[in-house]
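Visitor: Coordinates in work_22.txt, compact mmCIF, C-alpha atoms, are listed below.
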# COMPACT_ATOMS: atom_id res chain seq x y z
CA MET A 1 48.07 -33.08 -136.75
CA GLU A 2 45.89 -35.33 -138.81
CA LEU A 3 46.79 -36.16 -142.37
CA LYS A 4 44.26 -37.63 -144.72
CA ASP A 5 43.61 -37.98 -148.38
CA GLU A 6 40.66 -35.90 -149.35
CA PRO A 7 37.80 -38.38 -149.66
CA SER A 8 35.76 -38.51 -152.77
CA PRO A 9 32.87 -36.07 -152.64
CA GLY A 10 30.73 -38.81 -154.04
CA GLY A 11 28.75 -39.08 -157.24
CA ASN A 12 30.62 -38.72 -160.48
CA VAL A 13 32.87 -35.88 -159.35
CA VAL A 14 36.53 -36.52 -160.05
CA PHE A 15 39.22 -34.45 -158.39
CA PRO A 16 41.57 -33.05 -161.03
CA MET A 17 44.53 -33.21 -158.63
CA PRO A 18 45.57 -34.99 -155.45
CA VAL A 19 44.30 -33.23 -152.36
CA VAL A 20 46.05 -33.62 -149.02
CA ALA A 21 43.90 -32.47 -146.12
CA VAL A 22 45.63 -31.51 -142.92
CA ALA A 23 44.07 -30.77 -139.54
CA GLY A 24 45.39 -29.40 -136.26
CA GLU A 25 48.60 -27.59 -135.43
CA LEU A 26 51.33 -27.71 -138.07
CA ASP A 27 54.63 -27.18 -136.30
CA LEU A 28 58.16 -28.53 -136.26
CA ALA A 29 56.93 -31.75 -134.65
CA VAL A 30 54.62 -32.68 -137.50
CA ALA A 31 56.62 -31.13 -140.34
CA PRO A 32 58.42 -34.44 -141.10
CA SER A 33 55.08 -36.26 -141.43
CA LEU A 34 53.78 -33.53 -143.71
CA HIS A 35 56.94 -33.71 -145.78
CA GLN A 36 56.65 -37.48 -146.12
CA ARG A 37 53.01 -37.25 -147.16
CA LEU A 38 53.68 -34.62 -149.80
CA ASP A 39 56.74 -36.48 -150.99
CA LEU A 40 54.66 -39.62 -151.44
CA VAL A 41 52.09 -37.75 -153.52
CA LEU A 42 54.75 -36.07 -155.63
CA SER A 43 56.60 -39.34 -156.07
CA SER A 44 53.46 -40.85 -157.53
CA GLY A 45 53.89 -38.53 -160.50
CA ALA A 46 51.59 -35.68 -159.58
CA THR A 47 52.74 -32.28 -160.77
CA THR A 48 49.92 -30.20 -159.30
CA ILE A 49 48.52 -30.86 -155.85
CA ALA A 50 46.32 -29.11 -153.33
CA VAL A 51 46.79 -28.93 -149.58
CA ASP A 52 43.56 -28.38 -147.73
CA LEU A 53 44.34 -26.38 -144.59
CA ARG A 54 40.75 -25.53 -143.67
CA GLU A 55 40.99 -27.57 -140.49
CA ALA A 56 44.53 -26.52 -139.64
CA THR A 57 44.77 -24.11 -136.73
CA PHE A 58 48.47 -23.26 -136.54
CA LEU A 59 51.35 -22.99 -138.99
CA ASP A 60 54.94 -22.27 -138.08
CA SER A 61 57.99 -21.56 -140.23
CA VAL A 62 59.13 -25.19 -140.30
CA ALA A 63 55.83 -26.51 -141.63
CA LEU A 64 55.60 -23.56 -143.99
CA GLY A 65 59.05 -24.46 -145.26
CA VAL A 66 57.78 -27.94 -146.09
CA LEU A 67 54.94 -26.46 -148.12
CA LEU A 68 57.35 -24.09 -149.85
CA SER A 69 59.68 -26.94 -150.74
CA ALA A 70 56.78 -28.89 -152.23
CA LEU A 71 55.72 -25.81 -154.18
CA ASP A 72 59.20 -25.60 -155.67
CA ARG A 73 59.07 -29.25 -156.69
CA CYS A 74 55.69 -28.77 -158.34
CA ARG A 75 56.83 -25.67 -160.19
CA GLN A 76 59.97 -27.44 -161.40
CA ARG A 77 57.67 -29.98 -163.03
CA GLY A 78 55.47 -27.34 -164.58
CA GLY A 79 52.75 -27.75 -161.98
CA ASP A 80 51.63 -25.89 -158.91
CA LEU A 81 50.68 -26.32 -155.28
CA HIS A 82 47.36 -24.85 -154.25
CA LEU A 83 46.45 -24.02 -150.68
CA VAL A 84 42.92 -23.94 -149.35
CA VAL A 85 42.91 -21.72 -146.29
CA THR A 86 40.21 -20.17 -144.16
CA GLU A 87 41.97 -19.78 -140.80
CA PRO A 88 42.98 -16.12 -140.30
CA ARG A 89 46.05 -17.12 -138.28
CA ILE A 90 47.42 -19.12 -141.19
CA LEU A 91 46.59 -16.38 -143.67
CA LYS A 92 48.50 -13.99 -141.42
CA VAL A 93 51.58 -16.21 -141.51
CA LEU A 94 51.41 -16.29 -145.30
CA GLU A 95 51.06 -12.50 -145.40
CA ILE A 96 53.95 -11.84 -142.99
CA THR A 97 56.31 -14.07 -144.94
CA GLY A 98 55.22 -12.65 -148.27
CA LEU A 99 54.09 -16.07 -149.46
CA ALA A 100 50.41 -15.29 -149.84
CA LYS A 101 51.18 -14.36 -153.42
CA ALA A 102 53.64 -17.20 -154.00
CA PHE A 103 51.03 -19.90 -153.44
CA PRO A 104 47.70 -19.96 -155.21
CA VAL A 105 45.48 -19.52 -152.13
CA HIS A 106 41.79 -20.37 -152.16
CA ALA A 107 39.09 -19.96 -149.56
CA ARG A 108 37.04 -22.92 -150.75
CA LEU A 109 38.03 -26.28 -152.11
CA ASP A 110 35.21 -26.19 -154.60
CA ASP A 111 36.47 -22.83 -155.86
CA LEU A 112 39.56 -24.69 -156.91
CA LEU A 113 38.04 -27.88 -158.16
CA GLY A 114 34.86 -26.58 -159.62
CA VAL A 115 32.52 -29.02 -157.93
CA PRO A 116 29.28 -28.17 -156.16
CA ALA A 117 29.70 -27.03 -152.58
CA GLU A 118 27.13 -29.49 -151.34
CA GLY A 119 29.20 -32.32 -152.64
CA MET A 120 32.37 -31.32 -150.89
CA PRO A 121 33.77 -33.24 -147.98
CA ARG A 122 34.55 -31.59 -144.68
CA MET B 123 67.35 6.06 -107.61
CA ILE B 124 71.08 5.88 -107.16
CA GLY B 125 73.57 6.06 -109.97
CA GLY B 126 70.95 6.56 -112.64
CA THR B 127 69.93 2.92 -112.78
CA VAL B 128 66.34 1.84 -112.79
CA GLN B 129 65.69 -1.79 -112.15
CA THR B 130 62.43 -3.45 -112.96
CA VAL B 131 61.34 -6.73 -111.51
CA ALA B 132 59.07 -9.13 -113.27
CA ARG B 133 55.71 -9.33 -111.56
CA GLU B 134 55.70 -13.05 -112.18
CA VAL B 135 58.29 -15.38 -113.59
CA ILE B 136 57.49 -18.82 -114.90
CA GLU B 137 60.26 -21.28 -115.60
CA LEU B 138 59.75 -24.19 -117.94
CA SER B 139 62.11 -27.04 -118.61
CA PHE B 140 61.45 -29.94 -120.92
CA PRO B 141 63.39 -32.53 -122.91
CA ALA B 142 64.42 -31.04 -126.22
CA SER B 143 61.93 -32.93 -128.33
CA GLU B 144 60.00 -31.31 -131.14
CA ASP B 145 56.70 -32.69 -129.94
CA LEU B 146 57.11 -30.94 -126.59
CA VAL B 147 57.38 -27.44 -128.02
CA VAL B 148 53.62 -27.38 -127.62
CA LEU B 149 54.36 -26.92 -123.90
CA ALA B 150 56.13 -23.67 -124.68
CA ARG B 151 53.16 -22.47 -126.73
CA PHE B 152 50.76 -23.42 -123.96
CA THR B 153 52.82 -21.57 -121.38
CA ALA B 154 53.08 -18.55 -123.66
CA ALA B 155 49.30 -18.42 -123.98
CA THR B 156 48.89 -18.66 -120.22
CA VAL B 157 51.37 -15.87 -119.57
CA ALA B 158 49.81 -13.70 -122.27
CA VAL B 159 46.39 -14.07 -120.69
CA ARG B 160 47.77 -13.13 -117.27
CA ALA B 161 49.50 -10.12 -118.82
CA GLY B 162 46.22 -8.92 -120.29
CA PHE B 163 46.94 -9.56 -123.96
CA ASP B 164 44.00 -9.69 -126.32
CA VAL B 165 43.15 -12.75 -128.38
CA GLU B 166 45.25 -11.76 -131.38
CA GLU B 167 48.22 -10.88 -129.20
CA ILE B 168 47.94 -14.22 -127.43
CA GLU B 169 48.09 -16.02 -130.75
CA ASP B 170 50.99 -13.84 -131.86
CA LEU B 171 52.89 -14.73 -128.71
CA ARG B 172 52.20 -18.45 -129.15
CA LEU B 173 53.62 -18.38 -132.66
CA ALA B 174 56.55 -16.18 -131.64
CA VAL B 175 57.52 -18.55 -128.82
CA ASP B 176 57.36 -21.47 -131.23
CA GLU B 177 59.66 -19.59 -133.58
CA LEU B 178 61.97 -18.74 -130.70
CA CYS B 179 62.40 -22.47 -130.07
CA VAL B 180 62.90 -23.05 -133.80
CA SER B 181 65.59 -20.37 -133.86
CA LEU B 182 67.75 -22.42 -131.51
CA GLY B 183 68.38 -24.80 -134.37
CA PRO B 184 68.55 -28.58 -134.49
CA ILE B 185 67.93 -30.23 -131.18
CA GLY B 186 70.41 -32.81 -130.00
CA GLU B 187 69.36 -36.03 -128.37
CA GLY B 188 69.38 -35.80 -124.60
CA ALA B 189 69.40 -32.01 -124.54
CA SER B 190 66.77 -29.98 -122.73
CA VAL B 191 65.17 -26.61 -123.25
CA LYS B 192 65.09 -24.11 -120.40
CA MET B 193 62.63 -21.28 -120.80
CA THR B 194 61.79 -18.28 -118.67
CA PHE B 195 58.59 -16.30 -119.11
CA GLY B 196 58.09 -13.07 -117.25
CA TRP B 197 56.34 -9.77 -117.51
CA VAL B 198 56.52 -6.28 -116.16
CA ASP B 199 53.56 -3.99 -116.67
CA ASP B 200 52.56 -4.46 -120.29
CA THR B 201 55.67 -6.27 -121.55
CA VAL B 202 56.22 -10.01 -121.70
CA THR B 203 59.78 -11.29 -121.94
CA VAL B 204 60.67 -14.83 -122.98
CA ALA B 205 64.13 -16.39 -122.98
CA CYS B 206 65.16 -19.91 -123.90
CA THR B 207 68.39 -21.85 -123.81
CA LEU B 208 69.40 -25.28 -124.94
CA GLU B 209 71.08 -27.31 -122.23
CA GLU B 210 73.29 -30.30 -122.86
CA PRO B 211 72.75 -33.57 -121.02
CA GLY B 212 73.92 -33.20 -117.46
CA GLY B 213 72.53 -29.74 -117.04
CA GLY B 214 75.26 -27.67 -118.63
CA PRO B 215 74.78 -25.14 -121.38
CA ARG B 216 74.91 -26.26 -124.96
CA ARG B 217 78.49 -25.98 -126.09
CA HIS B 218 78.64 -23.84 -129.15
CA PRO B 219 81.75 -24.10 -131.34
CA ALA B 220 82.80 -20.60 -130.47
CA ASP B 221 81.57 -17.53 -128.69
CA THR B 222 80.65 -15.96 -131.95
CA ALA B 223 77.43 -15.04 -133.64
CA PRO B 224 75.01 -17.96 -133.77
CA ALA B 225 74.20 -19.58 -137.09
CA PRO B 226 71.53 -17.61 -138.91
CA ALA B 227 67.95 -18.58 -138.26
CA SER B 228 65.79 -19.41 -141.24
CA ASP B 229 64.49 -16.44 -143.17
CA LEU B 230 60.91 -17.49 -142.57
CA SER B 231 61.39 -17.77 -138.83
CA GLU B 232 63.19 -14.44 -138.70
CA GLN B 233 60.44 -12.73 -140.69
CA LEU B 234 57.78 -14.05 -138.35
CA LEU B 235 59.62 -13.06 -135.20
CA ALA B 236 60.35 -9.59 -136.55
CA ALA B 237 56.68 -9.05 -137.32
CA LEU B 238 55.20 -10.56 -134.18
CA VAL B 239 57.31 -9.16 -131.35
CA ASP B 240 58.81 -5.82 -130.42
CA ASP B 241 62.36 -7.04 -129.99
CA HIS B 242 64.19 -10.32 -130.23
CA GLY B 243 67.68 -11.71 -130.55
CA ARG B 244 70.03 -14.63 -130.15
CA GLU B 245 73.47 -14.81 -128.74
CA VAL B 246 76.25 -17.18 -127.89
CA ARG B 247 78.06 -16.43 -124.68
CA HIS B 248 80.41 -18.78 -122.88
CA GLY B 249 79.25 -21.55 -125.17
CA ARG B 250 75.61 -21.01 -124.32
CA LEU B 251 73.22 -20.47 -127.22
CA SER B 252 70.13 -18.60 -126.15
CA ALA B 253 67.31 -16.66 -127.72
CA TRP B 254 65.04 -14.03 -126.24
CA MET B 255 62.16 -11.76 -127.18
CA THR B 256 59.91 -9.10 -125.75
CA LYS B 257 56.38 -8.21 -126.69
CA ARG B 258 54.34 -5.31 -125.40
CA ARG B 259 50.61 -5.34 -125.01
CA GLY B 260 48.88 -3.12 -127.53
CA SER B 261 51.85 -2.90 -129.86
CA ALA B 262 50.42 -4.91 -132.73
CA ARG B 263 52.01 -3.97 -136.00
CA GLU B 264 51.20 -4.98 -139.52
CA PRO B 265 54.34 -4.16 -141.48
CA TRP B 266 53.57 -6.94 -143.91
CA ASN B 267 50.64 -4.90 -145.16
CA GLY B 268 53.01 -2.23 -146.38
Would you kindly transcribe this structure into structure tokens?
Guide:
Amino acid sequence: MELKDEPSPGGNVVFPMPVVAVAGELDLAVAPSLHQRLDLVLSSGATTIAVDLREATFLDSVALGVLLSALDRCRQRGGDLHLVVTEPRILKVLEITGLAKAFPVHARLDDLLGVPAEGMPR
Amino acid sequence: MIGGTVQTVAREVIELSFPASEDLVVLARFTAATVAVRAGFDVEEIEDLRLAVDELCVSLGPIGEGASVKMTFGWVDDTVTVACTLEEPGGGPRRHPADTAPAPASDLSEQLLAALVDDHGREVRHGRLSAWMTKRRGSAREPWNG
């Protein structure tokens, strides 16, 4: 798994929330790293965050539990946790567990942030 | 057939043993994919089996230092069977506090297993905690779609 802060798309675009981009297979081995990263962002005072899963290829129940825990923390603060997902396998996991409607799920980061697609990082 | 018993024998059996470390569960997923291909599963079924095997490992609960995971993958006709057991250091079975029902798996893990495979379960017998599952080719279900 690769964790990275979403880089600035450039220009004058400002992200309205912290974005954590994650790549690779999200399983019980990387769940602690994901938890630490989200905890760091939430500890900085953010109430609404986005997790960009466009480059994630696998999601198991342990990693999903980390995302769910972070969602709860955001909601307790009056915020939210947005997911950006395009991988069908991950969407299927969200559907099976009934969490596709619990998280705000978006297909495109710029759908969420309202910035031009050409300015978005990959 | 004598005595009304029909025995089936796995066409192939693959045994996998690895130190019980979270970052090695990828080996179980890799093996699951290999077995699924050999059993003729389609792409979606292969991915289902990979995730299900991961969840099977998760369902064994926290992994103790020095323990190892023993897994057996086999198939007969269109059905793949996977079993896994946690072994304590020294090769013995993991000693469970009692031969009673194992601690409940997480709801998320249980939901995924129930949706992805045809049958699964866990049991504690003689102090050995093990989990198993079966998945048939062509039995994809989508109960989560109502």
Visitor: Write out as JSON lines the residues of chain A that have any atom within 7 Å of an atom of chain B, one row each with the nearest atom pair and its distance in Å to one decimal, counting all atoms listed in the file, sorted by chain and then rising number.
Guide:
{"residue": "A:Leu28", "atom": "CA", "partner": "B:Glu144", "partner_atom": "CA", "distance": 6.1}
{"residue": "A:Ala29", "atom": "CA", "partner": "B:Glu144", "partner_atom": "CA", "distance": 4.7}
{"residue": "A:Asp60", "atom": "CA", "partner": "B:Leu173", "partner_atom": "CA", "distance": 6.8}
{"residue": "A:Ser61", "atom": "CA", "partner": "B:Ser231", "partner_atom": "CA", "distance": 5.3}
{"residue": "A:Glu95", "atom": "CA", "partner": "B:Trp266", "partner_atom": "CA", "distance": 6.3}
{"residue": "A:Ile96", "atom": "CA", "partner": "B:Trp266", "partner_atom": "CA", "distance": 5.0}
{"residue": "A:Thr97", "atom": "CA", "partner": "B:Gln233", "partner_atom": "CA", "distance": 6.1}
Visitor: Go through B:Glu245, B:Thr201, B:Asp240, B:Leu182 and flag the residue nearest Val157 of chain B, using all atoms listed in the file for the distances.
Guide: B:Thr201
Visitor: Distance atom CA of Asp200 of chain B-atom CA of Asp164 of chain B, one decimal place?
Guide: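 About the pair atom CA of Asp200 of chain B and atom CA of Asp164 of chain B: they are 11.7 Å apart.
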Visitor: Tell me, in Å to one decimal, how far atom CA of Gly162 of chain B is from atom CA of Lys257 of chain B.
Guide: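 Those two atoms sit 12.0 Å apart.
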Visitor: How far is it from atom CA of Ala31 of chain A to atom CA of Arg89 of chain A, in Å with one decimal?
Guide: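 A separation of 17.7 Å between them.
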Visitor: For Arg75 of chain A, which of A:Ala21, A:Ala102, A:Leu109, A:Leu40 is the closest residue, counting all atoms listed in the file?
Guide: A:Ala102
Visitor: Find the spatial neighbours of Pro18 of chain A, counting only C-alpha atoms, within a cut-off of 10 Å - ignore same-chain residues fewer than 6 positions away - and output them as a ChimeraX atom specification.
Guide: /A:5-6,38,41-42,46-51
Visitor: Write a file of the just-selected residues containing C-alpha atoms, as a PDB file, in the coordinates of the input.
Guide:
ATOM      1  CA  ASP A   5      43.610 -37.980-148.380  1.00  0.00           C
ATOM      2  CA  GLU A   6      40.660 -35.900-149.350  1.00  0.00           C
ATOM      3  CA  LEU A  38      53.680 -34.620-149.800  1.00  0.00           C
ATOM      4  CA  VAL A  41      52.090 -37.750-153.520  1.00  0.00           C
ATOM      5  CA  LEU A  42      54.750 -36.070-155.630  1.00  0.00           C
ATOM      6  CA  ALA A  46      51.590 -35.680-159.580  1.00  0.00           C
ATOM      7  CA  THR A  47      52.740 -32.280-160.770  1.00  0.00           C
ATOM      8  CA  THR A  48      49.920 -30.200-159.300  1.00  0.00           C
ATOM      9  CA  ILE A  49      48.520 -30.860-155.850  1.00  0.00           C
ATOM     10  CA  ALA A  50      46.320 -29.110-153.330  1.00  0.00           C
ATOM     11  CA  VAL A  51      46.790 -28.930-149.580  1.00  0.00           C
TER      12      VAL A  51
END
Visitor: For Thr203 of chain B, which residue among B:Arg160, B:His242, B:Arg151, B:Arg250 is the nearest when counting only C-alpha atoms?
Guide: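 Checking each candidate against Thr203 of chain B, we get B:His242 as the closest.
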Visitor: Write out as a PyMOL selection string the residues lying within 7 Å of segment 81-87 of chain A, counting all atoms listed in the file and excluding same-chain residues fewer than 2 positions away.
Guide: chain A and resi 48-54+57+71+74+89-91+103-109
Visitor: Please identify all polymer residues within 9 Å of segment 133-137 of chain B, counting only C-alpha atoms, omitting same-chain residues fewer than 3 positions from it, and present them as a ChimeraX atom specification.
Guide: /B:153,157,192-199
